[in-house]
Structure formats: structure tokens, C-alpha cells
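Colleague: This is query27.cif, which holds mmCIF, C-alpha atoms:
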data_my_file
#
loop_
_atom_site.label_atom_id
_atom_site.label_comp_id
_atom_site.auth_asym_id
_atom_site.auth_seq_id
_atom_site.Cartn_x
_atom_site.Cartn_y
_atom_site.Cartn_z
CA MET A 1 -40.25 53.23 127.37
CA ALA A 2 -37.89 54.47 124.68
CA SER A 3 -39.10 58.02 125.18
CA ASP A 4 -38.22 57.82 128.89
CA THR A 5 -34.72 56.60 128.03
CA ILE A 6 -34.31 59.41 125.51
CA LYS A 7 -35.47 61.94 128.09
CA ASN A 8 -33.01 60.58 130.69
CA LEU A 9 -30.12 60.62 128.22
CA MET A 10 -30.88 64.22 127.23
CA GLU A 11 -30.79 65.19 130.91
CA ALA A 12 -27.48 63.38 131.30
CA LEU A 13 -26.05 65.32 128.33
CA GLN A 14 -26.96 68.56 130.08
CA VAL A 15 -24.43 67.57 132.73
CA SER A 16 -21.87 66.03 130.32
CA PRO A 17 -22.29 67.67 126.86
CA ASP A 18 -18.89 66.43 125.58
CA ASN A 19 -19.68 62.78 126.24
CA ILE A 20 -19.49 61.49 122.64
CA PRO A 21 -20.57 57.84 123.30
CA LEU A 22 -23.56 59.08 125.30
CA ARG A 23 -24.63 61.51 122.57
CA LEU A 24 -24.20 58.83 119.88
CA HIS A 25 -26.34 56.43 121.90
CA LEU A 26 -29.04 59.08 122.22
CA ALA A 27 -28.91 59.83 118.49
CA GLU A 28 -29.22 56.15 117.59
CA LEU A 29 -32.22 55.71 119.88
CA MET A 30 -33.86 58.74 118.26
CA LEU A 31 -33.08 57.30 114.83
CA ASN A 32 -34.67 53.97 115.76
CA ASP A 33 -37.68 55.88 117.02
CA GLU A 34 -37.91 57.71 113.63
CA MET A 35 -37.12 61.06 115.25
CA TYR A 36 -35.03 61.96 112.21
CA SER A 37 -34.71 65.71 112.72
CA GLU A 38 -33.80 65.35 116.42
CA ALA A 39 -31.37 62.50 115.68
CA GLY A 40 -29.79 64.57 112.92
CA GLU A 41 -29.16 67.41 115.37
CA GLN A 42 -27.41 65.01 117.76
CA PHE A 43 -25.27 63.42 115.03
CA SER A 44 -24.32 66.92 113.82
CA ASP A 45 -23.33 67.85 117.35
CA VAL A 46 -21.09 64.78 117.56
CA LEU A 47 -19.38 65.77 114.29
CA LYS A 48 -18.75 69.29 115.59
CA ARG A 49 -17.03 67.86 118.63
CA ASN A 50 -15.41 64.85 116.90
CA TYR A 51 -14.94 65.60 113.17
CA GLY A 52 -15.02 62.55 110.93
CA ASN A 53 -16.76 60.26 113.44
CA PHE A 54 -17.78 57.31 111.25
CA LYS A 55 -20.97 56.40 113.13
CA ALA A 56 -22.12 60.01 113.26
CA GLN A 57 -21.52 60.48 109.54
CA LEU A 58 -23.56 57.43 108.59
CA GLY A 59 -26.24 58.32 111.12
CA LEU A 60 -26.59 61.88 109.81
CA ALA A 61 -26.70 60.59 106.20
CA THR A 62 -29.51 58.20 107.23
CA CYS A 63 -31.43 61.10 108.76
CA TYR A 64 -31.01 63.12 105.57
CA PHE A 65 -32.13 60.14 103.48
CA ASN A 66 -35.30 59.67 105.53
CA THR A 67 -36.18 63.36 105.36
CA GLY A 68 -35.70 63.58 101.59
CA LYS A 69 -32.46 65.58 101.70
CA TYR A 70 -30.78 63.30 99.17
CA SER A 71 -28.08 65.67 97.91
CA ALA A 72 -26.96 66.39 101.49
CA ALA A 73 -26.80 62.65 102.19
CA ILE A 74 -24.70 62.10 99.03
CA VAL A 75 -22.18 64.70 100.19
CA ILE A 76 -21.67 62.74 103.42
CA TYR A 77 -21.51 59.33 101.72
CA GLU A 78 -18.83 60.66 99.36
CA GLN A 79 -16.76 61.82 102.34
CA VAL A 80 -17.06 58.60 104.34
CA THR A 81 -13.85 56.62 104.48
CA GLY A 82 -13.89 53.00 105.44
CA LYS A 83 -16.24 50.22 104.48
CA MET A 84 -19.90 51.16 104.65
CA PRO A 85 -22.38 48.50 105.77
CA VAL A 86 -24.59 47.18 102.99
CA GLU A 87 -27.69 49.00 104.25
CA ASP A 88 -25.85 52.32 104.05
CA GLN A 89 -24.54 51.57 100.56
CA VAL A 90 -28.10 50.78 99.48
CA ARG A 91 -29.33 54.10 100.89
CA TYR A 92 -26.44 55.78 99.03
CA VAL A 93 -27.56 54.16 95.75
CA LYS A 94 -31.15 55.28 96.31
CA CYS A 95 -30.02 58.85 96.99
CA LEU A 96 -28.05 58.85 93.73
CA ILE A 97 -31.10 57.57 91.84
CA LYS A 98 -33.26 60.30 93.38
CA GLU A 99 -30.71 62.88 92.22
CA ASN A 100 -30.58 61.26 88.76
CA SER A 101 -26.88 60.32 89.07
CA MET A 102 -27.42 56.96 87.41
CA GLN A 103 -23.82 56.21 86.48
CA GLN A 104 -22.59 56.73 90.03
CA ALA A 105 -25.55 54.71 91.34
CA ILE A 106 -24.54 51.79 89.11
CA GLU A 107 -20.95 51.98 90.30
CA VAL A 108 -21.93 51.85 93.98
CA TYR A 109 -24.54 49.13 93.42
CA GLN A 110 -21.96 46.97 91.65
CA LYS A 111 -19.91 47.04 94.88
CA VAL A 112 -22.96 45.86 96.83
CA LEU A 113 -23.47 42.99 94.39
CA ALA A 114 -19.79 42.12 94.42
CA ALA A 115 -20.00 41.68 98.20
CA ASP A 116 -23.31 39.81 98.04
CA PRO A 117 -24.16 38.43 94.56
CA LEU A 118 -27.60 37.30 95.74
CA PHE A 119 -28.59 40.73 97.01
CA SER A 120 -31.57 42.36 95.33
CA ASP A 121 -33.66 45.44 95.91
CA GLU A 122 -36.83 45.84 93.86
CA GLU A 123 -36.78 49.66 93.92
CA ILE A 124 -33.16 49.87 92.73
CA ASP A 125 -33.51 47.09 90.17
CA ASN A 126 -36.52 48.80 88.60
CA TYR A 127 -34.35 51.84 87.89
CA LEU A 128 -31.00 50.28 87.05
CA ARG A 129 -31.80 47.01 85.33
CA LEU A 130 -33.29 46.29 81.93
CA PRO A 131 -36.45 44.15 81.94
CA SER A 132 -34.47 41.65 79.85
CA SER A 133 -31.67 41.42 82.40
CA THR A 134 -33.35 40.76 85.73
CA ALA A 135 -31.80 37.33 86.24
CA TYR A 136 -28.76 37.42 88.43
CA ASN A 137 -26.32 35.77 86.06
CA ASN A 138 -24.15 36.76 83.14
CA ASP A 139 -25.97 34.83 80.43
CA GLU A 140 -25.78 36.01 76.85
CA LEU A 141 -28.70 38.15 75.76
CA THR A 142 -30.87 36.51 73.15
CA GLU A 143 -32.87 37.98 70.32
CA GLU A 144 -36.04 37.14 72.26
CA ASP A 145 -34.99 39.73 74.86
CA PHE A 146 -35.68 42.33 72.16
CA ASN A 147 -39.01 41.16 70.79
CA GLU A 148 -39.49 43.01 67.53
CA GLU A 149 -43.26 42.82 67.95
CA ASP A 150 -42.99 44.72 71.23
CA ASN A 151 -44.20 48.27 70.70
CA TYR A 152 -42.07 49.37 73.62
CA PHE A 153 -39.13 49.23 71.23
CA MET A 154 -40.59 49.64 67.77
CA GLU A 155 -43.48 51.52 66.19
CA LYS A 156 -44.67 52.84 62.83
CA PRO A 157 -45.43 56.56 63.40
CA LYS A 158 -48.34 58.02 61.44
CA TRP A 159 -47.18 61.64 61.80
CA LYS A 160 -45.51 63.36 58.88
CA PHE A 161 -43.75 66.70 58.44
CA LYS A 162 -47.06 68.40 57.68
CA ASP A 163 -48.15 67.54 61.24
CA VAL A 164 -45.18 69.40 62.71
CA GLY A 165 -45.76 73.13 63.16
CA GLY A 166 -42.94 75.34 61.86
CA MET A 167 -39.38 73.96 61.95
CA GLN A 168 -39.00 74.34 58.16
CA ARG A 169 -35.20 74.70 58.30
CA VAL A 170 -34.93 71.52 60.39
CA LYS A 171 -37.26 69.64 58.03
CA ASP A 172 -35.23 70.73 55.00
CA GLU A 173 -31.94 69.56 56.51
CA ILE A 174 -33.39 66.22 57.60
CA SER A 175 -34.94 65.79 54.16
CA MET A 176 -31.60 66.27 52.37
CA LYS A 177 -29.72 63.99 54.74
CA ILE A 178 -32.25 61.22 55.32
CA ILE A 179 -35.43 61.39 53.25
CA GLN A 180 -34.21 62.27 49.75
CA PRO A 181 -31.54 59.52 49.65
CA LEU A 182 -34.35 56.99 50.07
CA LYS A 183 -36.58 58.64 47.49
CA ASN A 184 -33.77 59.18 44.95
CA PRO A 185 -31.32 56.33 45.62
CA GLU A 186 -29.80 56.27 42.12
CA LEU A 187 -29.09 59.99 42.12
CA TYR A 188 -27.37 59.77 45.50
CA ARG A 189 -25.39 56.69 44.44
CA ALA A 190 -24.19 58.61 41.39
CA PHE A 191 -22.65 61.13 43.79
CA GLY A 192 -21.28 58.39 46.01
CA LYS A 193 -23.72 59.12 48.86
CA LYS A 194 -24.97 56.20 50.93
CA THR A 195 -28.46 55.80 52.38
CA GLY A 196 -28.18 56.33 56.11
CA GLY A 197 -26.10 58.39 58.45
CA GLY A 198 -26.69 60.38 61.56
CA ILE A 199 -28.18 63.70 62.62
CA LEU A 200 -27.82 65.22 66.08
CA LEU A 201 -30.66 67.54 67.09
CA TYR A 202 -29.92 69.97 69.90
CA GLY A 203 -31.75 72.78 71.60
CA PRO A 204 -33.86 73.67 74.63
CA PRO A 205 -36.06 70.95 76.12
CA GLY A 206 -39.67 70.68 75.00
CA CYS A 207 -39.16 72.06 71.48
CA GLY A 208 -40.20 68.98 69.52
CA LYS A 209 -36.97 67.04 68.91
CA THR A 210 -38.65 63.68 69.57
CA PHE A 211 -41.72 64.66 67.54
CA ILE A 212 -39.67 65.66 64.48
CA ALA A 213 -37.78 62.34 64.75
CA LYS A 214 -41.05 60.40 64.70
CA ALA A 215 -42.34 62.52 61.82
CA THR A 216 -39.16 61.67 59.90
CA ALA A 217 -39.97 57.96 60.22
CA GLY A 218 -43.58 58.64 59.20
CA GLU A 219 -42.43 60.63 56.17
CA ILE A 220 -40.62 57.60 54.72
CA ASP A 221 -42.96 54.94 56.15
CA ALA A 222 -40.10 53.56 58.22
CA LYS A 223 -40.08 51.77 61.54
CA PHE A 224 -39.09 53.87 64.54
CA ILE A 225 -37.10 52.73 67.57
CA ASN A 226 -36.90 55.15 70.49
CA ILE A 227 -33.96 54.40 72.78
CA GLY A 228 -33.20 55.93 76.17
CA LEU A 229 -30.29 55.33 78.51
CA HIS A 230 -32.37 52.91 80.61
CA ASP A 231 -32.86 50.68 77.55
CA ILE A 232 -29.12 50.12 77.29
CA LEU A 233 -27.56 50.21 80.72
CA ASP A 234 -27.16 46.89 82.50
CA MET A 235 -25.64 46.17 85.87
CA TRP A 236 -23.32 43.51 84.51
CA VAL A 237 -20.06 44.40 82.83
CA GLY A 238 -20.34 43.84 79.08
CA ASN A 239 -24.13 43.51 78.94
CA SER A 240 -24.72 47.20 78.20
CA GLU A 241 -22.58 46.86 75.07
CA LYS A 242 -24.54 43.73 74.08
CA ASN A 243 -27.83 45.55 74.57
CA LEU A 244 -26.65 48.41 72.36
CA HIS A 245 -25.39 46.03 69.66
CA GLU A 246 -28.67 44.08 69.60
CA ILE A 247 -30.69 47.31 69.24
CA PHE A 248 -28.59 48.27 66.22
CA GLU A 249 -28.97 44.75 64.83
CA MET A 250 -32.74 45.01 65.21
CA ALA A 251 -32.67 48.26 63.22
CA ARG A 252 -30.50 46.63 60.52
CA ARG A 253 -32.98 43.77 60.20
CA ASN A 254 -35.84 46.22 59.72
CA THR A 255 -34.59 48.79 57.22
CA PRO A 256 -35.57 51.43 56.47
CA CYS A 257 -35.55 52.18 60.15
CA VAL A 258 -35.13 55.38 62.15
CA LEU A 259 -33.13 54.73 65.31
CA PHE A 260 -33.66 57.60 67.75
CA PHE A 261 -31.47 58.17 70.81
CA ASP A 262 -33.02 60.58 73.28
CA GLU A 263 -30.75 62.54 75.65
CA VAL A 264 -27.74 61.11 73.85
CA ASP A 265 -25.39 63.17 76.05
CA ALA A 266 -26.13 60.63 78.81
CA MET A 267 -24.77 57.85 76.56
CA GLY A 268 -22.24 59.88 74.60
CA ALA A 269 -20.72 61.95 77.37
CA SER A 270 -17.15 63.09 76.86
CA ARG A 271 -14.87 60.17 77.69
CA SER A 272 -12.37 62.50 79.28
CA ASP A 273 -15.01 63.39 81.89
CA LEU A 274 -15.84 59.79 82.73
CA LYS A 275 -14.11 58.17 85.66
CA GLN A 276 -16.11 54.97 85.31
CA SER A 277 -14.38 52.73 82.78
CA ALA A 278 -17.54 50.66 82.14
CA MET A 279 -19.32 53.65 80.60
CA ARG A 280 -16.30 54.37 78.41
CA HIS A 281 -16.72 50.88 76.92
CA VAL A 282 -20.37 51.64 76.14
CA ILE A 283 -19.36 54.84 74.34
CA ASN A 284 -16.71 52.99 72.32
CA GLN A 285 -19.33 50.37 71.39
CA PHE A 286 -21.71 53.16 70.34
CA LEU A 287 -19.03 54.65 68.08
CA ALA A 288 -18.30 51.25 66.53
CA GLU A 289 -22.00 50.69 65.81
CA LEU A 290 -22.29 54.12 64.19
CA ASP A 291 -19.30 53.32 61.99
CA GLY A 292 -20.84 49.99 60.96
CA VAL A 293 -17.38 48.42 61.06
CA GLU A 294 -18.67 44.84 61.36
CA SER A 295 -22.18 45.44 60.01
CA ASN A 296 -23.88 47.30 57.20
CA ASN A 297 -25.78 50.40 58.31
CA GLU A 298 -27.30 51.01 54.88
CA GLY A 299 -30.89 52.10 55.45
CA VAL A 300 -30.42 52.66 59.17
CA LEU A 301 -31.21 56.31 59.78
CA ILE A 302 -29.86 57.52 63.10
CA LEU A 303 -31.26 60.55 64.87
CA ALA A 304 -30.27 61.70 68.32
CA ALA A 305 -31.38 64.52 70.56
CA THR A 306 -29.63 66.39 73.33
CA ASN A 307 -30.18 69.46 75.45
CA ALA A 308 -26.45 69.67 76.10
CA PRO A 309 -24.42 69.25 72.89
CA TRP A 310 -21.33 70.57 74.69
CA SER A 311 -21.37 67.39 76.82
CA VAL A 312 -21.29 65.03 73.84
CA ASP A 313 -17.93 63.45 73.02
CA PRO A 314 -16.42 65.16 69.92
CA ALA A 315 -15.81 61.71 68.42
CA PHE A 316 -19.56 61.46 67.79
CA ARG A 317 -19.38 64.42 65.42
CA ARG A 318 -16.91 62.90 62.99
CA PRO A 319 -17.98 62.21 59.37
CA GLY A 320 -20.11 59.10 59.05
CA ARG A 321 -21.43 59.42 62.61
CA PHE A 322 -23.50 62.43 63.70
CA ASP A 323 -22.00 64.56 60.95
CA ARG A 324 -25.00 66.88 60.73
CA ILE A 325 -25.72 68.96 63.85
CA ILE A 326 -29.06 70.79 63.74
CA PHE A 327 -30.26 73.45 66.17
CA VAL A 328 -33.94 73.02 67.08
CA GLU A 329 -35.04 76.43 68.30
CA PRO A 330 -38.25 77.31 70.14
CA PRO A 331 -41.23 77.57 67.74
CA ASP A 332 -41.65 80.92 65.97
CA GLU A 333 -44.89 82.91 66.22
CA ALA A 334 -46.59 81.11 63.33
CA ALA A 335 -45.67 77.73 64.78
CA ARG A 336 -46.82 78.78 68.26
CA LYS A 337 -50.14 79.82 66.75
CA ASP A 338 -50.52 76.35 65.19
CA ILE A 339 -49.53 74.66 68.44
CA PHE A 340 -52.12 76.63 70.43
CA LYS A 341 -54.78 75.71 67.85
CA THR A 342 -53.86 72.03 67.94
CA MET A 343 -53.64 71.76 71.72
CA LEU A 344 -56.93 73.60 72.26
CA GLN A 345 -58.85 71.29 69.93
CA GLY A 346 -61.61 69.46 71.77
CA LYS A 347 -61.61 71.89 74.70
CA PRO A 348 -64.44 74.38 75.33
CA VAL A 349 -63.14 77.71 73.98
CA ASP A 350 -64.66 81.06 73.13
CA ASN A 351 -63.33 82.96 70.08
CA ILE A 352 -59.63 82.56 70.84
CA ASP A 353 -57.33 85.13 69.23
CA HIS A 354 -54.58 82.60 68.53
CA LYS A 355 -52.33 85.21 66.95
CA LYS A 356 -52.47 87.46 70.01
CA VAL A 357 -51.77 84.61 72.39
CA ALA A 358 -48.90 83.31 70.24
CA ALA A 359 -47.35 86.80 70.13
CA ALA A 360 -47.42 86.96 73.94
CA ALA A 361 -45.68 83.59 74.26
CA THR A 362 -42.30 84.54 72.80
CA ASP A 363 -39.56 81.95 73.50
CA TYR A 364 -42.14 79.44 74.74
CA SER A 365 -41.53 75.81 73.80
CA GLY A 366 -44.28 73.37 72.87
CA ALA A 367 -44.07 72.00 76.41
CA ASP A 368 -44.44 75.54 77.80
CA ILE A 369 -47.53 76.12 75.67
CA ASN A 370 -49.01 72.90 76.99
CA ALA A 371 -48.33 74.14 80.54
CA VAL A 372 -50.03 77.47 79.75
CA ILE A 373 -53.14 75.67 78.49
CA ASP A 374 -53.15 73.45 81.59
CA ILE A 375 -53.07 76.53 83.86
CA ALA A 376 -55.93 78.14 81.96
CA THR A 377 -57.90 74.89 81.97
CA GLU A 378 -57.56 74.40 85.72
CA GLU A 379 -58.74 77.98 86.32
CA LYS A 380 -61.82 77.45 84.13
CA LEU A 381 -62.60 74.15 85.88
CA ARG A 382 -62.66 75.97 89.22
CA GLU A 383 -64.83 78.72 87.77
CA SER A 384 -67.19 76.20 86.19
CA MET A 385 -67.62 74.34 89.47
CA ASN A 386 -68.27 77.57 91.38
CA LYS A 387 -70.84 78.84 88.86
CA GLY A 388 -72.44 75.48 88.21
CA SER A 389 -72.08 75.77 84.42
CA LEU A 390 -69.37 75.19 81.86
CA GLN A 391 -67.14 78.25 81.42
CA PRO A 392 -65.13 78.22 78.14
CA ILE A 393 -61.47 79.22 77.87
CA THR A 394 -61.02 82.75 76.52
CA THR A 395 -58.13 84.72 75.07
CA LYS A 396 -57.92 86.62 78.35
CA ASP A 397 -57.52 83.35 80.29
CA LEU A 398 -54.65 82.23 78.08
CA LEU A 399 -52.89 85.62 78.27
CA LYS A 400 -53.18 85.48 82.06
CA ALA A 401 -51.72 81.95 82.07
CA VAL A 402 -48.82 83.09 79.87
CA LYS A 403 -47.92 85.67 82.53
CA GLN A 404 -48.03 82.98 85.21
CA HIS A 405 -45.75 80.55 83.39
CA ARG A 406 -42.21 81.65 82.56
CA ALA A 407 -40.62 80.23 79.41
CA THR A 408 -38.37 77.33 80.41
CA THR A 409 -36.16 77.90 77.37
CA LEU A 410 -34.69 81.06 78.93
CA GLU A 411 -32.64 79.10 81.45
CA TRP A 412 -31.25 76.90 78.68
CA PHE A 413 -30.28 79.91 76.57
CA SER A 414 -28.47 81.53 79.51
CA SER A 415 -26.14 78.49 79.59
CA ALA A 416 -25.98 77.99 75.82
CA ARG A 417 -25.05 81.64 75.28
CA ASN A 418 -21.77 81.16 77.17
CA TYR A 419 -20.82 78.10 75.12
CA ALA A 420 -21.74 79.91 71.89
CA LEU A 421 -19.59 82.91 72.81
CA TYR A 422 -16.58 81.27 74.42
CA ALA A 423 -16.42 77.64 73.23
CA ASN A 424 -17.40 77.94 69.59
CA GLU A 425 -14.14 77.60 67.69
CA SER A 426 -15.70 75.31 65.06
CA GLY A 427 -18.78 77.50 64.64
CA LEU A 428 -20.99 74.68 65.96
CA TYR A 429 -23.15 77.05 67.98
CA ASP A 430 -23.48 79.86 65.44
CA ASP A 431 -27.22 79.16 65.16
CA ILE A 432 -27.61 79.95 68.86
CA LEU A 433 -25.92 83.32 68.38
CA LYS A 434 -28.12 83.97 65.36
CA TYR A 435 -31.26 83.15 67.32
CA LEU A 436 -30.15 85.42 70.18
CA LYS A 437 -29.19 88.14 67.63
CA ILE A 438 -25.64 88.31 68.95
CA LYS A 439 -22.85 89.30 66.58
CA LYS A 440 -19.47 87.67 67.10
#
Rewrite the structure from the file as C-alpha cells, please.

Modeller:
Amino acid sequence: MASDTIKNLMEALQVSPDNIPLRLHLAELMLNDEMYSEAGEQFSDVLKRNYGNFKAQLGLATCYFNTGKYSAAIVIYEQVTGKMPVEDQVRYVKCLIKENSMQQAIEVYQKVLAADPLFSDEEIDNYLRLPSSTAYNNDELTEEDFNEEDNYFMEKPKWKFKDVGGMQRVKDEISMKIIQPLKNPELYRAFGKKTGGGILLYGPPGCGKTFIAKATAGEIDAKFINIGLHDILDMWVGNSEKNLHEIFEMARRNTPCVLFFDEVDAMGASRSDLKQSAMRHVINQFLAELDGVESNNEGVLILAATNAPWSVDPAFRRPGRFDRIIFVEPPDEAARKDIFKTMLQGKPVDNIDHKKVAAAATDYSGADINAVIDIATEEKLRESMNKGSLQPITTKDLLKAVKQHRATTLEWFSSARNYALYANESGLYDDILKYLKIKK
């Protein structure tokens, strides 16, 4: 029946193409009938003839949402003036989540909750709420919300520096800043150096920043707490700061403890770039915790990692906070050789020339090497199934896979190079220039 109505309306539009109400009605029927592409065309046509039509904008955004064109939908939602219905605001939030714009998603979702405090959406809540904060009230967080026996928050890594291939310069710097003060406390006290402090690790993704942080904890037999943005952010104003404070308190109760913040640029973004005041409060709380103004951070060893150090607020780099900034470069040839050996253990291989493969994988991160091995493995699985017998991975297979997989670090260096050349007044990015063999 609906298809007949749609057909009749399309025929009517042939006679009266500028009839906006008629075209909108047709588009809405198509939308209800899940004809998203066709409905999108009609809504677009309305906007060409009547720019800024509110119904057409929301309708087109809905079509984009249902066809997976989330960024296009966001562009429309950002342009819409007037009060959006709740269902459209919810779609807007989901688009932002899909595009990983979590801060903006929180801001929009807070408006939904302000209009309807009892509203809930399981998909959104799973992304934007902490497991400890699912109740729809503003109760104080309790210590039980952060169960110290829960391995999700805390672990005792078994890895040590000897398990990390290469990275000797990084190990040496971490040792002087974090490990030696614990092993030689009296010597450091004689020089007025406290046990603790912060190190910011930066570099291309997949180069072992998290692994070296865990190995640091293993080296001193310390507990390790791995914190991401989702562990801190809470929908309710003030709760994110409480979450952050309780995590620091947990670390203080369990010294020596390595507190590791992954992708810290998401939490420590430049305050001048933040329009959302709530996130500014979180950053200020983070700075206060680092300073240990109201608490003693002795024995709390703070490591953080970022792929974008230029996005981190300069206040984080002041003495006593992340006062040591260390560049974690892609593994050198010797380290790549070790990584290939380690990752190929337990797999059927045939006389691999690890040195030759490592030499071919210049600029490859540990994650890239893993991808190369996956490509080679999948190819040998196909071959084994076709031949009816197990076919081992050879040097030739790995070299072929290296050619198929481009080093992901190259894209990072293309961006980092510009910062190192044109925004490097303090010499912070000199190590990048050195790695790229660029003279200032």
C-alpha cells in the first residue's frame, strides 16, 4: 500500500516539482519504508529549493545515520538551528560516538538527560558511562566502586626491561627517573630528589609505549594501573573529577605503584582548545593530582603515553608533573629482528632469515610487524588448505607481506615533522628531527 502511495506522489511531483510539502511527505514515507537513499535524494532536493528547511535537514541527517555516513550527519546536526527532538539528538550522539568525538557526544547527551532525567540508551551508556556510575543519580562514588582486587584496574606485570626489544635510550631515562630512586633511596634523598614523578612517552602508535610502561612496573615489582579516558569520564558534572581522584588515591594506597595514562592527550588536551567547561575542570583536577597538593605522591610513579604531544596542555610539562618527555621511536633493526623472532614463536616456520626480514621492515612498528606476520600466516593457511598439508612460513612469505603492508608510522612522521620544524622553540621535538636526520 505504501509503495502505491509513494508511486502516486512521485507522479504528482512530475507535474509539480516545486511543491515542497508534497516532496517532504514523499521523503518521510520513503524514510518510514527504510528507503534511505531515495528519501535522502528527496530531502536534498527540498534543501536545494528551500535552504535551511528544518524537517528536510533532520530527515537527511537520519538518512545519513542509517546508511553509516556519520560524519555527513554530524555536519547537518551542527548546522541545525532550533530544538531537535530527542530521537534526533540521540542519533546525533551516536554519530559522534561512531566518529570518536566523545567530548562532544557527552555534551549533547547531557542536554538529552537535562530534558528527560529518566532517559537511558544502552548503546550510548556503554560508551559514555563508567561501570561504577550507571545509576541515574549524583551519589558520591565509594571506594567499592574501585575494587582494588579487580584486575581491570590493577595488575602485577611479570615483564621486565629484558623482555622489551631495543629501546635502550628509553629504558635508561626511565631507570634514572623512576627505577633508581627506588633502588637507591638514600642517595637520591641526599640530593633532594623524591621518589616519584612523571614521564610522558610520545611517538608513533604501535611502538611499545604501553609495553615499556608495564615493564617498568615489573622491573620494580610494583603494581600497575592502566587508565584510559573511558575510566574517568562520567556523564554527571563533578563525577569525572571524583573518579580521577579515587584512581590516584588507589595508587597512593598501593605504593610503589605505576599509574599509566594511555592517550593522555584526550585527558590533557590544551585548555585553550576546549569549549566544554566540564573537561577543563577534569584537566585542572588532573594537574592538582599530579602536584600532590592535598596528598603525598611519594612512591606513585606516573607514566603517560600520547601519539600527539603537541595537543597536550603545556601545564602538564612543568617541573613535578610530566617533567621528562621521552620520544619512543619505531624499533631499530636489531629490535625488529627480536620482535620477528618473538612473534613467530610457536608458528610453523622454515629457516627464517630474521635479519633480512628486519632489514626490509624499516620504520615498521611492533604493531606493523604483527600485521605483516598475520598477512603471511593467512596466505600460508590458504596454501595449506589447498595442498592438504601444513605449509610453513618462509622468509619469502614474510618479505612479500612486508611489501603488502605499508608502515603506519610514516603518516605520523609526516605530521610530526611539521611540528618539529615549525613549533619547536623549546627543543621538545629535537629527537624527531634527529630520527628523520634533519638538521635545523

Colleague: Which residues fall under the PyMOL selection byres ((chain A and resi 409-416) around 10) in this file, as a tab-separated table (two decimals) with C-alpha atoms, keeping the file's coordinate frame?

Modeller:
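Output contents, as saved in expr-v5.tsv:
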chain	number	residue	atom	x	y	z
A	203	GLY	CA	-31.75	72.78	71.60
A	204	PRO	CA	-33.86	73.67	74.63
A	205	PRO	CA	-36.06	70.95	76.12
A	206	GLY	CA	-39.67	70.68	75.00
A	207	CYS	CA	-39.16	72.06	71.48
A	307	ASN	CA	-30.18	69.46	75.45
A	308	ALA	CA	-26.45	69.67	76.10
A	309	PRO	CA	-24.42	69.25	72.89
A	310	TRP	CA	-21.33	70.57	74.69
A	329	GLU	CA	-35.04	76.43	68.30
A	330	PRO	CA	-38.25	77.31	70.14
A	363	ASP	CA	-39.56	81.95	73.50
A	364	TYR	CA	-42.14	79.44	74.74
A	365	SER	CA	-41.53	75.81	73.80
A	367	ALA	CA	-44.07	72.00	76.41
A	368	ASP	CA	-44.44	75.54	77.80
A	406	ARG	CA	-42.21	81.65	82.56
A	407	ALA	CA	-40.62	80.23	79.41
A	408	THR	CA	-38.37	77.33	80.41
A	417	ARG	CA	-25.05	81.64	75.28
A	418	ASN	CA	-21.77	81.16	77.17
A	419	TYR	CA	-20.82	78.10	75.12
A	420	ALA	CA	-21.74	79.91	71.89
A	421	LEU	CA	-19.59	82.91	72.81
A	423	ALA	CA	-16.42	77.64	73.23
A	429	TYR	CA	-23.15	77.05	67.98
A	432	ILE	CA	-27.61	79.95	68.86
A	433	LEU	CA	-25.92	83.32	68.38
A	435	TYR	CA	-31.26	83.15	67.32
A	436	LEU	CA	-30.15	85.42	70.18

Colleague: Extending 3 Å beyond the listed atoms of region 311-317 of chain A on each side, what axis-aligned box results? I want centre and edge lengths in Å to one decimal, as lines of an AutoDock Vina configuration file.

Modeller:
center_x = -18.6
center_y = 64.4
center_z = 71.1
size_x = 11.6
size_y = 11.9
size_z = 17.4

Colleague: Env of Glu298 (chain A): 12 Å cut, atoms = all atoms listed in the file, seq-sep filter 3 positions within chain, self excluded. Answer as a ChimeraX atom specification.

Modeller: /A:178,181-182,185,193-198,248-249,251-258,290-293,295,301-302,320

Colleague: When distances are computed from all atoms listed in the file, which of A:Lys380, A:Lys48, A:Lys183, A:His230 shows the smallest separation from Asn100 (chain A)?

Modeller: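 So, comparing all the options, the nearest one is A:His230.
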
Colleague: Please compute the CA of Glu122 (chain A)-CA of Val93 (chain A) distance, one decimal, in Å.

Modeller: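 Separation between CA of Glu122 (chain A) and CA of Val93 (chain A): 12.6 Å.
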
Colleague: Rank nothing, just name the residue among A:Leu47, A:Ile124, A:Met154, A:Val90 nearest to Met102 (chain A), using all atoms listed in the file.

Modeller: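 Answer, going by the shortest atom-to-atom distance: A:Ile124.
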
Colleague: Report the distance between CA of Asn351 (chain A) and CA of Gly166 (chain A) in Å, rounded to one decimal place.

Modeller: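 Straight-line distance from CA of Asn351 (chain A) to CA of Gly166 (chain A) works out to 23.3 Å.
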
Colleague: Can you list what the PyMOL selection byres ((chain A and resi 211-216) around 8) grabs from this structure, as a PyMOL selection string?

Modeller: chain A and resi 157-161+163-164+171+174+179+208-210+217-220+224+258+260+303
